[in-house]
file coords_35.pdb (PDB, C-alpha atoms and all ligand atoms)
ATOM      1  CA  MET A  17     -10.420  -6.778 -19.006  1.00  0.00           C
ATOM      2  CA  ASN A  18      -7.646  -5.016 -17.109  1.00  0.00           C
ATOM      3  CA  THR A  19      -8.943  -2.739 -14.358  1.00  0.00           C
ATOM      4  CA  TYR A  20      -6.205  -0.239 -13.651  1.00  0.00           C
ATOM      5  CA  LEU A  21      -8.371   2.467 -12.076  1.00  0.00           C
ATOM      6  CA  TYR A  22     -11.409   1.865  -9.896  1.00  0.00           C
ATOM      7  CA  ASP A  23     -13.629   3.919  -7.628  1.00  0.00           C
ATOM      8  CA  TYR A  24     -14.047   3.005  -3.972  1.00  0.00           C
ATOM      9  CA  GLY A  25     -16.040   5.515  -1.960  1.00  0.00           C
ATOM     10  CA  ASP A  26     -14.838   8.980  -2.910  1.00  0.00           C
ATOM     11  CA  LYS A  27     -11.333   7.775  -3.790  1.00  0.00           C
ATOM     12  CA  LEU A  28      -9.764   6.578  -7.014  1.00  0.00           C
ATOM     13  CA  TYR A  29      -7.645   3.446  -6.653  1.00  0.00           C
ATOM     14  CA  ILE A  30      -4.750   2.623  -8.958  1.00  0.00           C
ATOM     15  CA  ASN A  31      -4.044  -1.073  -9.554  1.00  0.00           C
ATOM     16  CA  LEU A  32      -0.557  -1.483 -11.044  1.00  0.00           C
ATOM     17  CA  THR A  33       0.491  -5.066 -10.385  1.00  0.00           C
ATOM     18  CA  ASN A  34      -0.533  -8.448  -9.030  1.00  0.00           C
ATOM     19  CA  LYS A  35       2.962  -9.247  -7.772  1.00  0.00           C
ATOM     20  CA  CYS A  36       3.432  -9.469  -4.020  1.00  0.00           C
ATOM     21  CA  SER A  37       6.133 -10.667  -1.643  1.00  0.00           C
ATOM     22  CA  ASN A  38       3.575 -11.670   0.989  1.00  0.00           C
ATOM     23  CA  ALA A  39       0.767 -14.209   1.099  1.00  0.00           C
ATOM     24  CA  CYS A  40      -1.240 -12.711   3.971  1.00  0.00           C
ATOM     25  CA  VAL A  41      -3.888 -14.950   5.489  1.00  0.00           C
ATOM     26  CA  PHE A  42      -6.420 -12.085   5.387  1.00  0.00           C
ATOM     27  CA  CYS A  43      -5.614 -10.907   1.847  1.00  0.00           C
ATOM     28  CA  VAL A  44      -8.644  -9.898  -0.169  1.00  0.00           C
ATOM     29  CA  ARG A  45      -7.217 -11.985  -3.024  1.00  0.00           C
ATOM     30  CA  ASN A  46      -7.987 -15.171  -1.032  1.00  0.00           C
ATOM     31  CA  MET A  47     -11.659 -14.250  -0.785  1.00  0.00           C
ATOM     32  CA  SER A  48     -12.599 -12.434  -3.932  1.00  0.00           C
ATOM     33  CA  GLU A  49     -11.651 -11.703  -7.540  1.00  0.00           C
ATOM     34  CA  GLY A  50     -11.778  -7.993  -6.857  1.00  0.00           C
ATOM     35  CA  VAL A  51     -13.395  -5.137  -5.008  1.00  0.00           C
ATOM     36  CA  GLY A  52     -16.680  -3.311  -5.564  1.00  0.00           C
ATOM     37  CA  GLY A  53     -17.547  -5.460  -8.596  1.00  0.00           C
ATOM     38  CA  ASN A  54     -14.183  -4.848 -10.300  1.00  0.00           C
ATOM     39  CA  ASN A  55     -12.072  -7.857 -11.213  1.00  0.00           C
ATOM     40  CA  LEU A  56      -8.568  -6.776 -10.203  1.00  0.00           C
ATOM     41  CA  TRP A  57      -6.513  -9.632 -11.628  1.00  0.00           C
ATOM     42  CA  LEU A  58      -4.426  -8.150 -14.437  1.00  0.00           C
ATOM     43  CA  GLN A  59      -3.573  -9.848 -17.721  1.00  0.00           C
ATOM     44  CA  LYS A  60      -1.088  -7.080 -18.416  1.00  0.00           C
ATOM     45  CA  GLU A  61       0.503  -4.467 -16.176  1.00  0.00           C
ATOM     46  CA  PRO A  62      -0.087  -0.887 -17.329  1.00  0.00           C
ATOM     47  CA  SER A  63       2.644   1.570 -18.238  1.00  0.00           C
ATOM     48  CA  SER A  64       2.741   4.867 -16.357  1.00  0.00           C
ATOM     49  CA  GLU A  65       1.977   6.630 -19.665  1.00  0.00           C
ATOM     50  CA  GLU A  66      -1.236   4.604 -20.060  1.00  0.00           C
ATOM     51  CA  ILE A  67      -2.381   5.491 -16.543  1.00  0.00           C
ATOM     52  CA  ILE A  68      -1.524   9.174 -16.907  1.00  0.00           C
ATOM     53  CA  GLU A  69      -3.410   9.274 -20.220  1.00  0.00           C
ATOM     54  CA  GLU A  70      -6.458   7.696 -18.563  1.00  0.00           C
ATOM     55  CA  LEU A  71      -6.254  10.205 -15.709  1.00  0.00           C
ATOM     56  CA  LYS A  72      -6.069  13.104 -18.165  1.00  0.00           C
ATOM     57  CA  ASN A  73      -9.262  11.855 -19.806  1.00  0.00           C
ATOM     58  CA  ARG A  74     -11.220  11.674 -16.535  1.00  0.00           C
ATOM     59  CA  ASP A  75     -12.866  14.302 -14.399  1.00  0.00           C
ATOM     60  CA  LEU A  76     -10.719  14.074 -11.268  1.00  0.00           C
ATOM     61  CA  SER A  77     -12.403  16.882  -9.371  1.00  0.00           C
ATOM     62  CA  GLY A  78     -14.704  14.681  -7.248  1.00  0.00           C
ATOM     63  CA  TYR A  79     -12.003  12.461  -5.755  1.00  0.00           C
ATOM     64  CA  THR A  80     -10.684  13.223  -2.274  1.00  0.00           C
ATOM     65  CA  GLU A  81      -7.639  11.007  -2.680  1.00  0.00           C
ATOM     66  CA  PHE A  82      -5.781   8.838  -5.207  1.00  0.00           C
ATOM     67  CA  VAL A  83      -4.544   5.555  -3.781  1.00  0.00           C
ATOM     68  CA  PHE A  84      -1.913   3.142  -5.076  1.00  0.00           C
ATOM     69  CA  CYS A  85      -3.420  -0.115  -3.959  1.00  0.00           C
ATOM     70  CA  GLY A  86      -4.845  -3.002  -5.874  1.00  0.00           C
ATOM     71  CA  PHE A  87      -4.465  -6.753  -6.117  1.00  0.00           C
ATOM     72  CA  GLY A  88      -0.755  -6.806  -5.336  1.00  0.00           C
ATOM     73  CA  GLU A  89       2.062  -4.832  -3.769  1.00  0.00           C
ATOM     74  CA  PRO A  90       2.511  -1.454  -5.510  1.00  0.00           C
ATOM     75  CA  LEU A  91       6.229  -1.325  -4.646  1.00  0.00           C
ATOM     76  CA  PHE A  92       6.727  -3.884  -7.438  1.00  0.00           C
ATOM     77  CA  ALA A  93       5.792  -1.028  -9.805  1.00  0.00           C
ATOM     78  CA  PHE A  94       7.809   1.572  -7.933  1.00  0.00           C
ATOM     79  CA  ASP A  95       8.985   3.724 -10.877  1.00  0.00           C
ATOM     80  CA  LYS A  96       5.349   4.013 -11.994  1.00  0.00           C
ATOM     81  CA  ILE A  97       4.299   5.222  -8.526  1.00  0.00           C
ATOM     82  CA  VAL A  98       6.950   7.934  -8.719  1.00  0.00           C
ATOM     83  CA  GLU A  99       5.822   9.045 -12.191  1.00  0.00           C
ATOM     84  CA  ILE A 100       2.041   8.818 -11.711  1.00  0.00           C
ATOM     85  CA  GLY A 101       2.138  10.174  -8.155  1.00  0.00           C
ATOM     86  CA  GLY A 102       4.325  13.050  -9.316  1.00  0.00           C
ATOM     87  CA  PHE A 103       1.810  13.852 -12.064  1.00  0.00           C
ATOM     88  CA  LEU A 104      -1.114  13.827  -9.612  1.00  0.00           C
ATOM     89  CA  ARG A 105       0.623  15.919  -6.985  1.00  0.00           C
ATOM     90  CA  LYS A 106       1.646  18.503  -9.558  1.00  0.00           C
ATOM     91  CA  ALA A 107      -2.071  18.676 -10.387  1.00  0.00           C
ATOM     92  CA  GLY A 108      -2.741  19.443  -6.695  1.00  0.00           C
ATOM     93  CA  LYS A 109      -4.171  16.030  -5.807  1.00  0.00           C
ATOM     94  CA  LYS A 110      -3.725  14.056  -2.595  1.00  0.00           C
ATOM     95  CA  VAL A 111      -1.930  10.746  -3.118  1.00  0.00           C
ATOM     96  CA  ARG A 112      -1.542   7.731  -0.834  1.00  0.00           C
ATOM     97  CA  LEU A 113       0.497   4.557  -1.145  1.00  0.00           C
ATOM     98  CA  ASN A 114      -0.842   1.459   0.620  1.00  0.00           C
ATOM     99  CA  THR A 115       2.026  -0.952   1.020  1.00  0.00           C
ATOM    100  CA  ASN A 116       3.554  -3.891   2.853  1.00  0.00           C
ATOM    101  CA  GLY A 117       6.583  -1.628   3.262  1.00  0.00           C
ATOM    102  CA  GLN A 118       9.311  -4.073   2.221  1.00  0.00           C
ATOM    103  CA  ALA A 119      10.910  -1.337   0.163  1.00  0.00           C
ATOM    104  CA  ASP A 120      14.620  -2.006   0.493  1.00  0.00           C
ATOM    105  CA  LEU A 121      14.071  -5.664  -0.429  1.00  0.00           C
ATOM    106  CA  ILE A 122      11.797  -4.884  -3.383  1.00  0.00           C
ATOM    107  CA  VAL A 123      13.072  -1.508  -4.618  1.00  0.00           C
ATOM    108  CA  GLY A 124      16.430  -0.692  -3.035  1.00  0.00           C
ATOM    109  CA  ARG A 125      17.623   1.648  -0.348  1.00  0.00           C
ATOM    110  CA  ASN A 126      16.442   5.085  -1.486  1.00  0.00           C
ATOM    111  CA  ALA A 127      12.717   4.410  -1.920  1.00  0.00           C
ATOM    112  CA  ALA A 128      11.521   6.831   0.778  1.00  0.00           C
ATOM    113  CA  GLU A 129      13.532   9.699  -0.725  1.00  0.00           C
ATOM    114  CA  ARG A 130      12.097   9.053  -4.169  1.00  0.00           C
ATOM    115  CA  LEU A 131       8.552   9.120  -2.784  1.00  0.00           C
ATOM    116  CA  GLU A 132       8.856  12.613  -1.335  1.00  0.00           C
ATOM    117  CA  ASP A 133       7.316  14.332  -4.356  1.00  0.00           C
ATOM    118  CA  ALA A 134       5.035  11.464  -5.350  1.00  0.00           C
ATOM    119  CA  VAL A 135       2.822  10.800  -2.317  1.00  0.00           C
ATOM    120  CA  ASP A 136       1.336  12.650   0.660  1.00  0.00           C
ATOM    121  CA  THR A 137       0.646   9.555   2.718  1.00  0.00           C
ATOM    122  CA  VAL A 138       2.258   6.153   3.103  1.00  0.00           C
ATOM    123  CA  SER A 139       0.042   3.597   4.820  1.00  0.00           C
ATOM    124  CA  ILE A 140       2.051   0.552   5.867  1.00  0.00           C
ATOM    125  CA  SER A 141       0.553  -2.745   7.026  1.00  0.00           C
ATOM    126  CA  LEU A 142       2.352  -3.421  10.296  1.00  0.00           C
ATOM    127  CA  ASN A 143       0.185  -6.467  11.023  1.00  0.00           C
ATOM    128  CA  ALA A 144       2.151  -7.745  14.039  1.00  0.00           C
ATOM    129  CA  SER A 145       4.527  -6.664  16.786  1.00  0.00           C
ATOM    130  CA  ASP A 146       7.431  -8.966  15.963  1.00  0.00           C
ATOM    131  CA  ALA A 147       8.982 -10.762  13.029  1.00  0.00           C
ATOM    132  CA  LYS A 148       7.818 -14.247  14.013  1.00  0.00           C
ATOM    133  CA  LYS A 149       4.167 -13.246  14.384  1.00  0.00           C
ATOM    134  CA  TYR A 150       4.400 -11.127  11.221  1.00  0.00           C
ATOM    135  CA  ASN A 151       5.616 -14.074   9.222  1.00  0.00           C
ATOM    136  CA  GLU A 152       2.884 -16.335  10.566  1.00  0.00           C
ATOM    137  CA  ILE A 153       0.291 -13.856   9.289  1.00  0.00           C
ATOM    138  CA  CYS A 154       2.050 -12.666   6.116  1.00  0.00           C
ATOM    139  CA  GLU A 155       4.070 -15.708   4.958  1.00  0.00           C
ATOM    140  CA  CYS A 156       6.655 -13.357   3.494  1.00  0.00           C
ATOM    141  CA  ALA A 157       8.845 -14.572   0.630  1.00  0.00           C
ATOM    142  CA  TYR A 158      11.799 -12.858   2.367  1.00  0.00           C
ATOM    143  CA  GLY A 159      11.081 -14.632   5.661  1.00  0.00           C
ATOM    144  CA  GLU A 160      11.475 -12.582   8.824  1.00  0.00           C
ATOM    145  CA  ASP A 161      13.573  -9.963   6.946  1.00  0.00           C
ATOM    146  CA  GLY A 162      10.286  -8.695   5.532  1.00  0.00           C
ATOM    147  CA  PHE A 163       9.255  -7.392   8.962  1.00  0.00           C
ATOM    148  CA  PHE A 164      12.549  -5.566   9.565  1.00  0.00           C
ATOM    149  CA  SER A 165      12.559  -4.125   6.043  1.00  0.00           C
ATOM    150  CA  MET A 166       9.062  -2.741   6.677  1.00  0.00           C
ATOM    151  CA  LEU A 167      10.207  -1.066   9.913  1.00  0.00           C
ATOM    152  CA  ARG A 168      13.249   0.465   8.167  1.00  0.00           C
ATOM    153  CA  PHE A 169      11.050   1.878   5.415  1.00  0.00           C
ATOM    154  CA  ALA A 170       8.606   3.401   7.907  1.00  0.00           C
ATOM    155  CA  LYS A 171      11.482   5.121   9.747  1.00  0.00           C
ATOM    156  CA  GLU A 172      12.870   6.461   6.474  1.00  0.00           C
ATOM    157  CA  CYS A 173       9.455   7.824   5.462  1.00  0.00           C
ATOM    158  CA  VAL A 174       8.888   9.738   8.721  1.00  0.00           C
ATOM    159  CA  GLY A 175      10.005  13.312   8.091  1.00  0.00           C
ATOM    160  CA  ARG A 176      10.030  12.818   4.307  1.00  0.00           C
ATOM    161  CA  VAL A 177       6.398  11.978   3.629  1.00  0.00           C
ATOM    162  CA  LYS A 178       3.679  14.130   5.240  1.00  0.00           C
ATOM    163  CA  ARG A 179       1.777  11.258   6.828  1.00  0.00           C
ATOM    164  CA  VAL A 180       3.082   7.818   7.716  1.00  0.00           C
ATOM    165  CA  ILE A 181       0.455   5.421   9.035  1.00  0.00           C
ATOM    166  CA  PHE A 182       0.962   1.958  10.503  1.00  0.00           C
ATOM    167  CA  SER A 183      -2.133  -0.233  10.377  1.00  0.00           C
ATOM    168  CA  VAL A 184      -3.252  -3.551  11.829  1.00  0.00           C
ATOM    169  CA  VAL A 185      -6.465  -5.536  11.494  1.00  0.00           C
ATOM    170  CA  ASN A 186      -8.724  -5.667  14.540  1.00  0.00           C
ATOM    171  CA  THR A 187      -8.543  -9.468  14.890  1.00  0.00           C
ATOM    172  CA  ILE A 188      -5.039  -9.673  16.395  1.00  0.00           C
ATOM    173  CA  GLY A 189      -6.177  -9.110  20.013  1.00  0.00           C
ATOM    174  CA  GLU A 190      -6.083  -6.148  22.381  1.00  0.00           C
ATOM    175  CA  ASP A 191      -2.593  -6.825  23.795  1.00  0.00           C
ATOM    176  CA  GLU A 192      -1.062  -7.220  20.352  1.00  0.00           C
ATOM    177  CA  ILE A 193      -2.810  -4.054  19.157  1.00  0.00           C
ATOM    178  CA  LYS A 194      -1.264  -2.172  22.109  1.00  0.00           C
ATOM    179  CA  ARG A 195       2.211  -3.508  21.271  1.00  0.00           C
ATOM    180  CA  CYS A 196       1.776  -2.435  17.648  1.00  0.00           C
ATOM    181  CA  GLU A 197       0.544   0.992  18.744  1.00  0.00           C
ATOM    182  CA  LYS A 198       3.744   1.434  20.755  1.00  0.00           C
ATOM    183  CA  ILE A 199       5.894   0.533  17.714  1.00  0.00           C
ATOM    184  CA  ALA A 200       4.064   3.206  15.725  1.00  0.00           C
ATOM    185  CA  ALA A 201       4.493   5.792  18.489  1.00  0.00           C
ATOM    186  CA  ASP A 202       8.216   4.994  18.875  1.00  0.00           C
ATOM    187  CA  ILE A 203       8.771   5.536  15.144  1.00  0.00           C
ATOM    188  CA  GLY A 204       6.601   8.670  15.005  1.00  0.00           C
ATOM    189  CA  ALA A 205       3.939   7.131  12.757  1.00  0.00           C
ATOM    190  CA  GLU A 206       0.170   7.404  13.078  1.00  0.00           C
ATOM    191  CA  PHE A 207      -1.668   4.222  14.026  1.00  0.00           C
ATOM    192  CA  ARG A 208      -4.874   2.791  12.619  1.00  0.00           C
ATOM    193  CA  VAL A 209      -6.836  -0.358  13.437  1.00  0.00           C
ATOM    194  CA  ARG A 210      -8.638  -1.620  10.329  1.00  0.00           C
ATOM    195  CA  LYS A 211     -11.891  -3.555  10.619  1.00  0.00           C
ATOM    196  CA  TYR A 212     -11.479  -7.092   9.336  1.00  0.00           C
ATOM    197  CA  ASP A 213     -13.592  -7.569   6.207  1.00  0.00           C
ATOM    198  CA  VAL A 214     -13.105  -8.319   2.529  1.00  0.00           C
ATOM    199  CA  TYR A 215     -11.189  -5.082   2.209  1.00  0.00           C
ATOM    200  CA  ALA A 216      -9.127  -5.479   5.393  1.00  0.00           C
ATOM    201  CA  SER A 217      -5.897  -5.869   3.494  1.00  0.00           C
ATOM    202  CA  ARG A 218      -6.238  -2.424   1.961  1.00  0.00           C
TER     203      ARG A 218
HETATM  204  S1  LIG A 301      -2.690  -8.165   1.825  1.00  0.00           S
HETATM  205 FE1  LIG A 301      -1.315  -6.926   0.556  1.00  0.00          FE
HETATM  206  S2  LIG A 301       0.726  -7.568   1.244  1.00  0.00           S
HETATM  207 FE2  LIG A 301      -0.684  -9.145   1.924  1.00  0.00          FE
HETATM  208  S3  LIG A 301      -0.689 -10.697   0.281  1.00  0.00           S
HETATM  209 FE3  LIG A 301      -2.386  -9.289  -0.114  1.00  0.00          FE
HETATM  210  S4  LIG A 301      -1.538  -7.791  -1.521  1.00  0.00           S
HETATM  211 FE4  LIG A 301       0.197  -8.817  -0.566  1.00  0.00          FE
END
call {"tool": "encode", "arguments": {"input": "coords_35.pdb", "output": "structure tokens", "more": "lines below"}}
Ligand code: SF4
result
Amino acid sequence: MNTYLYDYGDKLYINLTNKCSNACVFCVRNMSEGVGGNNLWLQKEPSSEEIIEELKNRDLSGYTEFVFCGFGEPLFAFDKIVEIGGFLRKAGKKVRLNTNGQADLIVGRNAAERLEDAVDTVSISLNASDAKKYNEICECAYGEDGFFSMLRFAKECVGRVKRVIFSVVNTIGEDEIKRCEKIAADIGAEFRVRKYDVYASR
């Protein structure tokens, strides 16, 4: 069974792909088959038309936010984010993208521009204060370039997307959290420390 949409709290999550360029040590995929009783491994990736059809058939009024985030990196389904996010925003809904931020490596250079009308919030996993530490935690397929790509994307999103949030998990230590907070402040992004649990990666 392919779970493309799932409830978590008062939000609706959209699971588009299992592909990812990272292999983070804290990834929920290492600990579980899914979230909230939903198996999030996909046998088949959905089309944007399928998702939009499912959304049209649901009562969306109770959800406070719609979040692109599942068992993989949503940027690998970038065109679908643009289409589905555009549909939701035209319907007056709040939309967030949770991402590792390696947009120019995964999508190409103009990703932030194309997201302007598709999302309200981009939440980017900063994870560490430098490329070496990042790669130790995230084991990125692009090596240390992954870290710099993520920083470039965050800078490009600031001023284009309403909210840009950098996040870290709370296990990296106080000093490292402070260094990450400074990176966020320098870029003009909000900063959030996520509690480490089965859902820490999201
Ligand atoms: S936490 Fe996110 S970026 Fe890291 S491996 Fe899992 S899906 Fe990929």
call {"tool": "residues_around", "arguments": {"input": "coords_35.pdb", "residues": "Lys35 of chain A", "least_positions_apart": "4", "cutoff": "9 Å", "atoms": "all atoms listed in the file", "output": "PDB file with C-alpha atoms, keeping the file's coordinate frame"}}
result
ATOM      1  CA  PHE A  87      -4.465  -6.753  -6.117  1.00  0.00           C
ATOM      2  CA  GLY A  88      -0.755  -6.806  -5.336  1.00  0.00           C
ATOM      3  CA  GLU A  89       2.062  -4.832  -3.769  1.00  0.00           C
ATOM      4  CA  PRO A  90       2.511  -1.454  -5.510  1.00  0.00           C
ATOM      5  CA  PHE A  92       6.727  -3.884  -7.438  1.00  0.00           C
ATOM      6  CA  ALA A  93       5.792  -1.028  -9.805  1.00  0.00           C
TER       7      ALA A  93
END
call {"tool": "atom_distance", "arguments": {"input": "coords_35.pdb", "atom1": "atom CA of Asn34 of chain A", "atom2": "atom CA of Cys196 of chain A"}}
result
27.4 Å
call {"tool": "closest_residue", "arguments": {"input": "coords_35.pdb", "among": "A:Val177, A:Ala39, A:Ile30, A:Val209", "to": "Arg130 of chain A", "atoms": "all atoms listed in the file"}}
result
A:Val177
call {"tool": "residues_near_ligand", "arguments": {"input": "coords_35.pdb", "ligand": "ligand LIG 301 (chain A)", "cutoff": "7 Å", "atoms": "all atoms listed in the file", "output": "PyMOL selection string"}}
result
chain A and resi 36-40+42-45+87-89+115-116+154+217-218
call {"tool": "resolve_selection", "arguments": {"input": "coords_35.pdb", "expression": "the PyMOL selection byres (((chain A and resi 152) around 12) and not hetatm)", "output": "ChimeraX atom specification"}}
result
/A:38-42,143-151,153-157,159-160,162-163,188
call {"tool": "residues_around", "arguments": {"input": "coords_35.pdb", "residues": "Tyr24 of chain A", "least_positions_apart": "3", "cutoff": "10 Å", "atoms": "all atoms listed in the file", "output": "ChimeraX atom specification"}}
result
/A:21,27-29,51-52,79,83
call {"tool": "decode", "arguments": {"input": "coords_35.pdb", "residues": "segment 33-50 of chain A", "atoms": "N, CA and C atoms", "output": "PDB file, in the first residue's frame"}}
result
ATOM      1  N   THR A  33       8.381  10.669  -2.410  1.00  0.00           N
ATOM      2  CA  THR A  33       9.506   9.871  -2.913  1.00  0.00           C
ATOM      3  C   THR A  33      10.293   9.256  -1.765  1.00  0.00           C
ATOM      4  N   ASN A  34      10.967   8.159  -2.043  1.00  0.00           N
ATOM      5  CA  ASN A  34      11.891   7.584  -1.069  1.00  0.00           C
ATOM      6  C   ASN A  34      13.347   7.892  -1.418  1.00  0.00           C
ATOM      7  N   LYS A  35      13.558   8.616  -2.507  1.00  0.00           N
ATOM      8  CA  LYS A  35      14.941   8.933  -2.890  1.00  0.00           C
ATOM      9  C   LYS A  35      15.521   9.969  -1.925  1.00  0.00           C
ATOM     10  N   CYS A  36      16.797   9.847  -1.642  1.00  0.00           N
ATOM     11  CA  CYS A  36      17.456  10.876  -0.830  1.00  0.00           C
ATOM     12  C   CYS A  36      18.945  10.889  -1.143  1.00  0.00           C
ATOM     13  N   SER A  37      19.537  12.055  -1.059  1.00  0.00           N
ATOM     14  CA  SER A  37      20.979  12.197  -1.303  1.00  0.00           C
ATOM     15  C   SER A  37      21.781  12.064  -0.014  1.00  0.00           C
ATOM     16  N   ASN A  38      21.098  11.997   1.108  1.00  0.00           N
ATOM     17  CA  ASN A  38      21.773  11.823   2.400  1.00  0.00           C
ATOM     18  C   ASN A  38      21.476  10.442   2.974  1.00  0.00           C
ATOM     19  N   ALA A  39      22.261  10.076   3.974  1.00  0.00           N
ATOM     20  CA  ALA A  39      21.982   8.870   4.762  1.00  0.00           C
ATOM     21  C   ALA A  39      22.217   9.250   6.227  1.00  0.00           C
ATOM     22  N   CYS A  40      21.394  10.167   6.724  1.00  0.00           N
ATOM     23  CA  CYS A  40      21.609  10.751   8.055  1.00  0.00           C
ATOM     24  C   CYS A  40      21.558   9.678   9.151  1.00  0.00           C
ATOM     25  N   VAL A  41      22.448   9.823  10.123  1.00  0.00           N
ATOM     26  CA  VAL A  41      22.510   8.816  11.181  1.00  0.00           C
ATOM     27  C   VAL A  41      21.218   8.794  12.011  1.00  0.00           C
ATOM     28  N   PHE A  42      20.522   9.939  12.068  1.00  0.00           N
ATOM     29  CA  PHE A  42      19.306  10.015  12.890  1.00  0.00           C
ATOM     30  C   PHE A  42      18.036   9.826  12.072  1.00  0.00           C
ATOM     31  N   CYS A  43      18.163   9.466  10.795  1.00  0.00           N
ATOM     32  CA  CYS A  43      16.969   9.397   9.935  1.00  0.00           C
ATOM     33  C   CYS A  43      15.939   8.403  10.483  1.00  0.00           C
ATOM     34  N   VAL A  44      14.699   8.838  10.457  1.00  0.00           N
ATOM     35  CA  VAL A  44      13.600   7.993  10.903  1.00  0.00           C
ATOM     36  C   VAL A  44      13.569   6.666  10.137  1.00  0.00           C
ATOM     37  N   ARG A  45      14.094   6.673   8.919  1.00  0.00           N
ATOM     38  CA  ARG A  45      14.054   5.450   8.098  1.00  0.00           C
ATOM     39  C   ARG A  45      14.951   4.350   8.664  1.00  0.00           C
ATOM     40  N   ASN A  46      15.938   4.740   9.516  1.00  0.00           N
ATOM     41  CA  ASN A  46      16.808   3.738  10.146  1.00  0.00           C
ATOM     42  C   ASN A  46      16.122   3.050  11.319  1.00  0.00           C
ATOM     43  N   MET A  47      15.039   3.677  11.804  1.00  0.00           N
ATOM     44  CA  MET A  47      14.442   3.193  13.061  1.00  0.00           C
ATOM     45  C   MET A  47      13.046   2.623  12.895  1.00  0.00           C
ATOM     46  N   SER A  48      12.430   2.929  11.768  1.00  0.00           N
ATOM     47  CA  SER A  48      11.011   2.612  11.658  1.00  0.00           C
ATOM     48  C   SER A  48      10.630   2.459  10.186  1.00  0.00           C
ATOM     49  N   GLU A  49       9.520   1.804   9.943  1.00  0.00           N
ATOM     50  CA  GLU A  49       8.994   1.668   8.576  1.00  0.00           C
ATOM     51  C   GLU A  49       8.119   2.859   8.212  1.00  0.00           C
ATOM     52  N   GLY A  50       7.845   3.708   9.193  1.00  0.00           N
ATOM     53  CA  GLY A  50       6.955   4.827   8.902  1.00  0.00           C
ATOM     54  C   GLY A  50       6.735   5.684  10.127  1.00  0.00           C
TER      55      GLY A  50
END
